[in-house]
file upload30.cif (mmCIF, C-alpha atoms)
data_target
#
loop_
_atom_site.label_atom_id
_atom_site.label_comp_id
_atom_site.auth_asym_id
_atom_site.auth_seq_id
_atom_site.Cartn_x
_atom_site.Cartn_y
_atom_site.Cartn_z
CA MET A 134 0.00 0.00 0.00
CA PHE A 135 2.74 2.43 1.03
CA LYS A 136 4.85 1.45 -2.02
CA LYS A 137 1.94 2.14 -4.38
CA PHE A 138 1.26 5.48 -2.69
CA PHE A 139 4.95 6.42 -2.95
CA GLN A 140 5.04 5.48 -6.67
CA ARG A 141 1.98 7.64 -7.36
CA PHE A 142 3.49 10.45 -5.28
CA LEU A 143 6.71 10.33 -7.37
CA TYR A 144 4.71 10.10 -10.59
CA TYR A 145 2.68 13.23 -9.79
CA LEU A 146 5.80 15.01 -8.53
CA ILE A 147 7.57 14.40 -11.84
CA LYS A 148 4.50 15.40 -13.87
CA GLY A 149 4.12 18.59 -11.81
CA THR A 150 7.80 19.38 -12.28
CA LEU A 151 7.51 18.95 -16.05
CA VAL A 152 4.61 21.43 -16.11
CA VAL A 153 5.93 24.03 -13.64
CA ILE A 154 9.66 24.28 -14.51
CA PRO A 155 9.30 25.40 -18.16
CA VAL A 156 6.59 27.93 -17.25
CA ALA A 157 8.47 29.22 -14.20
CA GLY A 158 11.76 29.32 -16.11
CA ALA A 159 10.28 31.29 -19.02
CA VAL A 160 8.45 33.70 -16.67
CA PHE A 161 11.58 34.15 -14.53
CA LEU A 162 13.78 34.89 -17.57
CA ILE A 163 11.28 37.40 -18.97
CA ILE A 164 10.89 39.16 -15.59
CA TRP A 165 14.66 39.16 -15.01
CA LEU A 166 15.38 40.55 -18.49
CA VAL A 167 12.70 43.24 -18.27
CA ALA A 168 13.71 44.22 -14.70
CA THR A 169 17.42 44.36 -15.60
CA LEU A 170 16.79 46.47 -18.71
CA ASP A 171 14.33 48.69 -16.89
CA ASN A 172 16.76 49.27 -14.02
CA ALA A 173 19.68 49.99 -16.34
CA LEU A 174 17.73 52.29 -18.64
CA ASN A 175 15.48 54.02 -16.12
CA LEU A 176 16.29 57.72 -16.19
CA THR A 177 13.87 58.62 -13.42
CA HIS A 178 16.71 58.35 -10.88
CA LEU A 179 17.49 61.91 -12.04
CA ILE A 180 14.18 62.95 -10.47
CA GLU A 181 14.24 63.38 -6.71
CA ASP A 182 11.42 62.96 -4.23
CA GLU A 183 10.61 65.43 -1.44
CA ASN A 184 13.43 63.96 0.71
CA GLY A 185 16.05 64.41 -2.03
CA ALA A 186 16.33 60.66 -2.74
CA PRO A 187 16.32 59.40 -6.34
CA ARG A 188 12.83 58.43 -7.46
CA TYR A 189 12.41 55.10 -9.28
CA ILE A 190 9.32 54.53 -11.40
CA PRO A 191 8.99 50.84 -12.39
CA GLY A 192 8.63 50.31 -16.12
CA MET A 193 9.79 53.79 -17.09
CA GLY A 194 13.10 52.49 -18.50
CA ILE A 195 11.36 50.11 -20.91
CA VAL A 196 8.84 52.79 -21.92
CA THR A 197 11.70 55.25 -22.53
CA VAL A 198 13.56 52.76 -24.75
CA ILE A 199 10.42 51.93 -26.77
CA VAL A 200 9.67 55.64 -27.31
CA VAL A 201 13.30 56.35 -28.33
CA LEU A 202 13.33 53.38 -30.76
CA VAL A 203 10.04 54.47 -32.37
CA LEU A 204 11.29 58.07 -32.69
CA VAL A 205 14.61 56.98 -34.21
CA GLY A 206 12.77 54.63 -36.60
CA PHE A 207 10.43 57.45 -37.63
CA VAL A 208 13.25 59.96 -38.15
CA PHE A 209 15.38 57.52 -40.17
CA THR A 210 12.56 56.37 -42.42
CA THR A 211 10.93 59.75 -43.07
CA LEU A 212 13.55 62.49 -42.59
CA VAL A 213 17.01 60.99 -43.19
CA THR A 214 17.67 60.68 -46.92
CA VAL A 215 19.64 57.87 -48.59
CA PRO A 216 22.74 60.09 -49.18
CA ILE A 217 22.86 60.94 -45.46
CA GLN A 218 22.51 57.26 -44.53
CA GLN A 219 25.34 56.39 -46.94
CA TRP A 220 27.52 59.16 -45.46
CA MET A 221 26.87 57.84 -41.93
CA ALA A 222 27.76 54.31 -43.07
CA ARG A 223 31.05 55.59 -44.54
CA MET A 224 31.85 57.36 -41.26
CA VAL A 225 31.20 54.18 -39.27
CA ASN A 226 33.39 52.17 -41.68
CA ARG A 227 36.35 54.42 -40.89
CA ILE A 228 36.35 53.65 -37.16
CA PRO A 229 38.49 50.56 -36.46
CA ILE A 230 37.10 47.85 -34.12
CA PHE A 231 33.78 49.72 -33.76
CA ASN A 232 33.17 49.12 -37.48
CA THR A 233 33.60 45.35 -37.09
CA LEU A 234 31.35 45.15 -34.02
CA TYR A 235 28.71 47.47 -35.48
CA SER A 236 28.47 45.75 -38.86
CA SER A 237 28.37 42.25 -37.32
CA ILE A 238 25.61 43.18 -34.86
CA LYS A 239 23.70 45.10 -37.57
CA ASP A 240 23.84 42.19 -40.03
CA PHE A 241 22.84 39.67 -37.34
CA THR A 242 19.92 41.84 -36.18
CA GLU A 243 18.70 42.44 -39.74
CA ALA A 244 18.90 38.71 -40.41
CA PHE A 245 16.08 38.22 -37.90
CA VAL A 246 13.96 41.38 -38.12
CA GLY A 247 15.18 43.43 -41.10
CA ASP A 248 13.74 43.72 -44.59
CA ALA A 249 16.17 41.05 -45.86
CA LYS A 250 15.68 38.25 -43.35
CA LYS A 251 18.42 35.62 -43.67
CA PHE A 252 17.34 32.82 -41.33
CA ASN A 253 14.20 31.97 -43.28
CA GLU A 254 15.37 28.96 -45.31
CA PRO A 255 15.91 25.87 -43.15
CA VAL A 256 18.01 23.15 -44.77
CA LEU A 257 19.35 19.69 -44.03
CA VAL A 258 23.07 19.23 -44.66
CA GLU A 259 24.73 15.86 -45.17
CA ILE A 260 27.93 16.10 -43.15
CA ASN A 261 29.73 12.88 -44.04
CA GLU A 262 29.38 9.54 -45.82
CA THR A 263 27.94 7.80 -42.74
CA GLY A 264 24.65 9.65 -43.19
CA LEU A 265 25.20 12.22 -40.42
CA LYS A 266 23.05 15.29 -41.14
CA LYS A 267 22.64 18.68 -39.46
CA ILE A 268 19.81 21.21 -39.55
CA GLY A 269 20.89 24.70 -40.54
CA PHE A 270 19.82 27.85 -42.37
CA LEU A 271 20.99 28.73 -45.87
CA THR A 272 22.37 32.28 -45.70
CA GLN A 273 24.35 32.69 -48.96
CA ARG A 274 23.68 30.87 -52.24
CA ASN A 275 26.35 32.47 -54.43
CA LEU A 276 29.99 32.39 -53.29
CA LYS A 277 31.58 33.22 -56.67
CA ALA A 278 32.97 36.45 -55.21
CA ILE A 279 35.28 34.38 -52.99
CA HIS A 280 35.98 31.77 -55.69
CA LEU A 281 33.81 29.03 -54.17
CA GLU A 282 31.56 28.11 -57.09
CA GLY A 283 29.06 25.35 -56.36
CA GLU A 284 29.23 25.96 -52.61
CA VAL A 285 26.91 27.77 -50.20
CA LEU A 286 27.01 29.21 -46.70
CA VAL A 287 24.94 27.50 -44.01
CA TYR A 288 24.45 28.76 -40.45
CA PHE A 289 24.16 26.06 -37.77
CA PRO A 290 22.69 27.39 -34.50
CA TYR A 291 23.76 25.63 -31.30
CA SER A 292 21.27 23.94 -29.01
CA TYR A 293 20.32 25.86 -25.84
CA SER A 294 22.34 28.86 -27.01
CA PHE A 295 22.15 32.01 -29.13
CA ALA A 296 25.54 31.16 -30.63
CA GLY A 297 26.12 29.25 -33.84
CA GLN A 298 28.59 28.33 -36.56
CA VAL A 299 28.88 29.33 -40.21
CA VAL A 300 30.07 26.56 -42.53
CA VAL A 301 30.85 26.41 -46.25
CA VAL A 302 29.41 23.23 -47.80
CA LYS A 303 28.93 21.84 -51.29
CA ALA A 304 25.52 22.81 -52.67
CA GLU A 305 24.64 19.20 -53.56
CA ARG A 306 24.91 18.23 -49.87
CA VAL A 307 22.19 20.74 -48.95
CA SER A 308 18.50 19.90 -49.22
CA LYS A 309 15.45 21.99 -48.34
CA LEU A 310 13.66 21.14 -45.11
CA HIS A 311 9.87 20.96 -45.35
CA MET A 312 9.19 23.02 -42.24
CA SER A 313 9.01 26.70 -41.35
CA ALA A 314 12.09 28.63 -40.23
CA THR A 315 10.53 29.12 -36.78
CA GLU A 316 9.89 25.40 -36.33
CA ALA A 317 13.42 24.54 -37.49
CA MET A 318 15.04 27.08 -35.14
CA LYS A 319 12.91 25.84 -32.23
CA LEU A 320 13.86 22.24 -33.00
CA VAL A 321 17.59 22.99 -33.10
CA VAL A 322 17.72 25.35 -30.11
CA SER A 323 15.74 22.86 -27.98
CA GLY A 324 18.32 20.18 -28.69
CA GLY A 325 15.87 18.26 -30.88
CA VAL A 326 13.33 17.62 -28.12
CA SER A 327 10.78 20.17 -29.37
CA SER A 328 7.57 18.69 -30.80
CA LEU A 329 7.37 18.09 -34.56
CA ASP A 330 3.61 18.82 -34.78
#

call {"tool": "encode", "arguments": {"input": "upload30.cif", "output": "C-alpha cells"}}
result
Amino acid sequence: MFKKFFQRFLYYLIKGTLVVIPVAGAVFLIIWLVATLDNALNLTHLIEDENGAPRYIPGMGIVTVIVVLVLVGFVFTTLVTVPIQQWMARMVNRIPIFNTLYSSIKDFTEAFVGDAKKFNEPVLVEINETGLKKIGFLTQRNLKAIHLEGEVLVYFPYSYSFAGQVVVVKAERVSKLHMSATEAMKLVVSGGVSSLD
C-alpha cells in the first residue's frame, strides 16, 4: 500500500515538475530581463522625491527605450535621406574595431527582423558519408565572389544557445527542409526535443 502510494506520489511530482519548470523558467527569464533592462535604462533616478532621494518609477526604463526606438525609426525612415545614410555608413566604416562590431551586430539583427531576413530557409546538410546530417539555415547561395563556385554558406545554430557556426558546404549536400524557419530554429535550439507537430 505504502509502495503504491509512494510510486503515485513520485509520478505526480515528476508530472508537476515537467509542467511548472518550463513555465516558471520562461516567466523568470522574462521578468529578469525586463527588470534588468528597466533598471539599467530608467532615467527617473534623475528625479528626486521630497526627501532628495532618487525616485524610481517601475517600467519607465522600458517605456523610454520603446519611445526612443520608435522616434529613431520614424526619423530615419521619413527624414534621413539615402545620401545621409550612406555618409553615416562611410563614417562608421572608418572607425576601427567599432566598425567590425557594429556591422556584425547590424547584419545579425537584420537577419532576424530586417527587410532582408536571412534565417528563413531551413536546410538539411549531409555532413559525411555515414549519413550524419545537421539542420541549418541557408544564408548565402552564391559564393563566386570568394571563388567558391558550387558551394553555399549554411548557419548552424547551437542547441540551448544564441551562438552558432557558419560553414561552407557543397551545394549538392544541402537539401530543403519541409518546415518553417521558426519550427526549425525551435527544434535545433531545444536540442531536438521540441515537438514536430

call {"tool": "atom_distance", "arguments": {"input": "upload30.cif", "atom1": "CA of Glu254 (chain A)", "atom2": "CA of Ala296 (chain A)"}}
result
18.0 Å

call {"tool": "resolve_selection", "arguments": {"input": "upload30.cif", "expression": "the PyMOL selection byres ((chain A and resi 306) around 9)", "output": "PyMOL selection string"}}
result
chain A and resi 257-260+302-305+307-308

call {"tool": "atom_distance", "arguments": {"input": "upload30.cif", "atom1": "CA of Asn172 (chain A)", "atom2": "CA of Ile195 (chain A)"}}
result
8.8 Å

call {"tool": "resolve_selection", "arguments": {"input": "upload30.cif", "expression": "the PyMOL selection byres ((chain A and resi 280-290) around 6)", "output": "list in words"}}
result
Gly269, Phe270, Leu271, Thr272, Gln273, Arg274, Leu276, Lys277, Ala278, Ile279, Tyr291, Gly297, Gln298, Val299, Val300, Val301, Val302, Lys303 and Ala304 of chain A

call {"tool": "closest_residue", "arguments": {"input": "upload30.cif", "among": "A:Asn275, A:Ala173, A:Asn261, A:Lys136", "to": "Val198 (chain A)", "atoms": "only C-alpha atoms"}}
result
A:Ala173

call {"tool": "atom_distance", "arguments": {"input": "upload30.cif", "atom1": "CA of Val167 (chain A)", "atom2": "CA of Ile190 (chain A)"}}
result
13.6 Å

call {"tool": "closest_residue", "arguments": {"input": "upload30.cif", "among": "A:Leu204, A:Leu162, A:Val256, A:Val196", "to": "Ser313 (chain A)", "atoms": "all atoms listed in the file"}}
result
A:Val256

call {"tool": "resolve_selection", "arguments": {"input": "upload30.cif", "expression": "the PyMOL selection byres ((chain A and resi 315-326) around 6)", "output": "ChimeraX atom specification"}}
result
/A:292-293,313-314,327

call {"tool": "residues_around", "arguments": {"input": "upload30.cif", "residues": "region 206-222 of chain A", "least_positions_apart": "6", "cutoff": "10 Å", "atoms": "all atoms listed in the file", "output": "list in words"}}
result
Val200, Asn232 and Ser236 of chain A
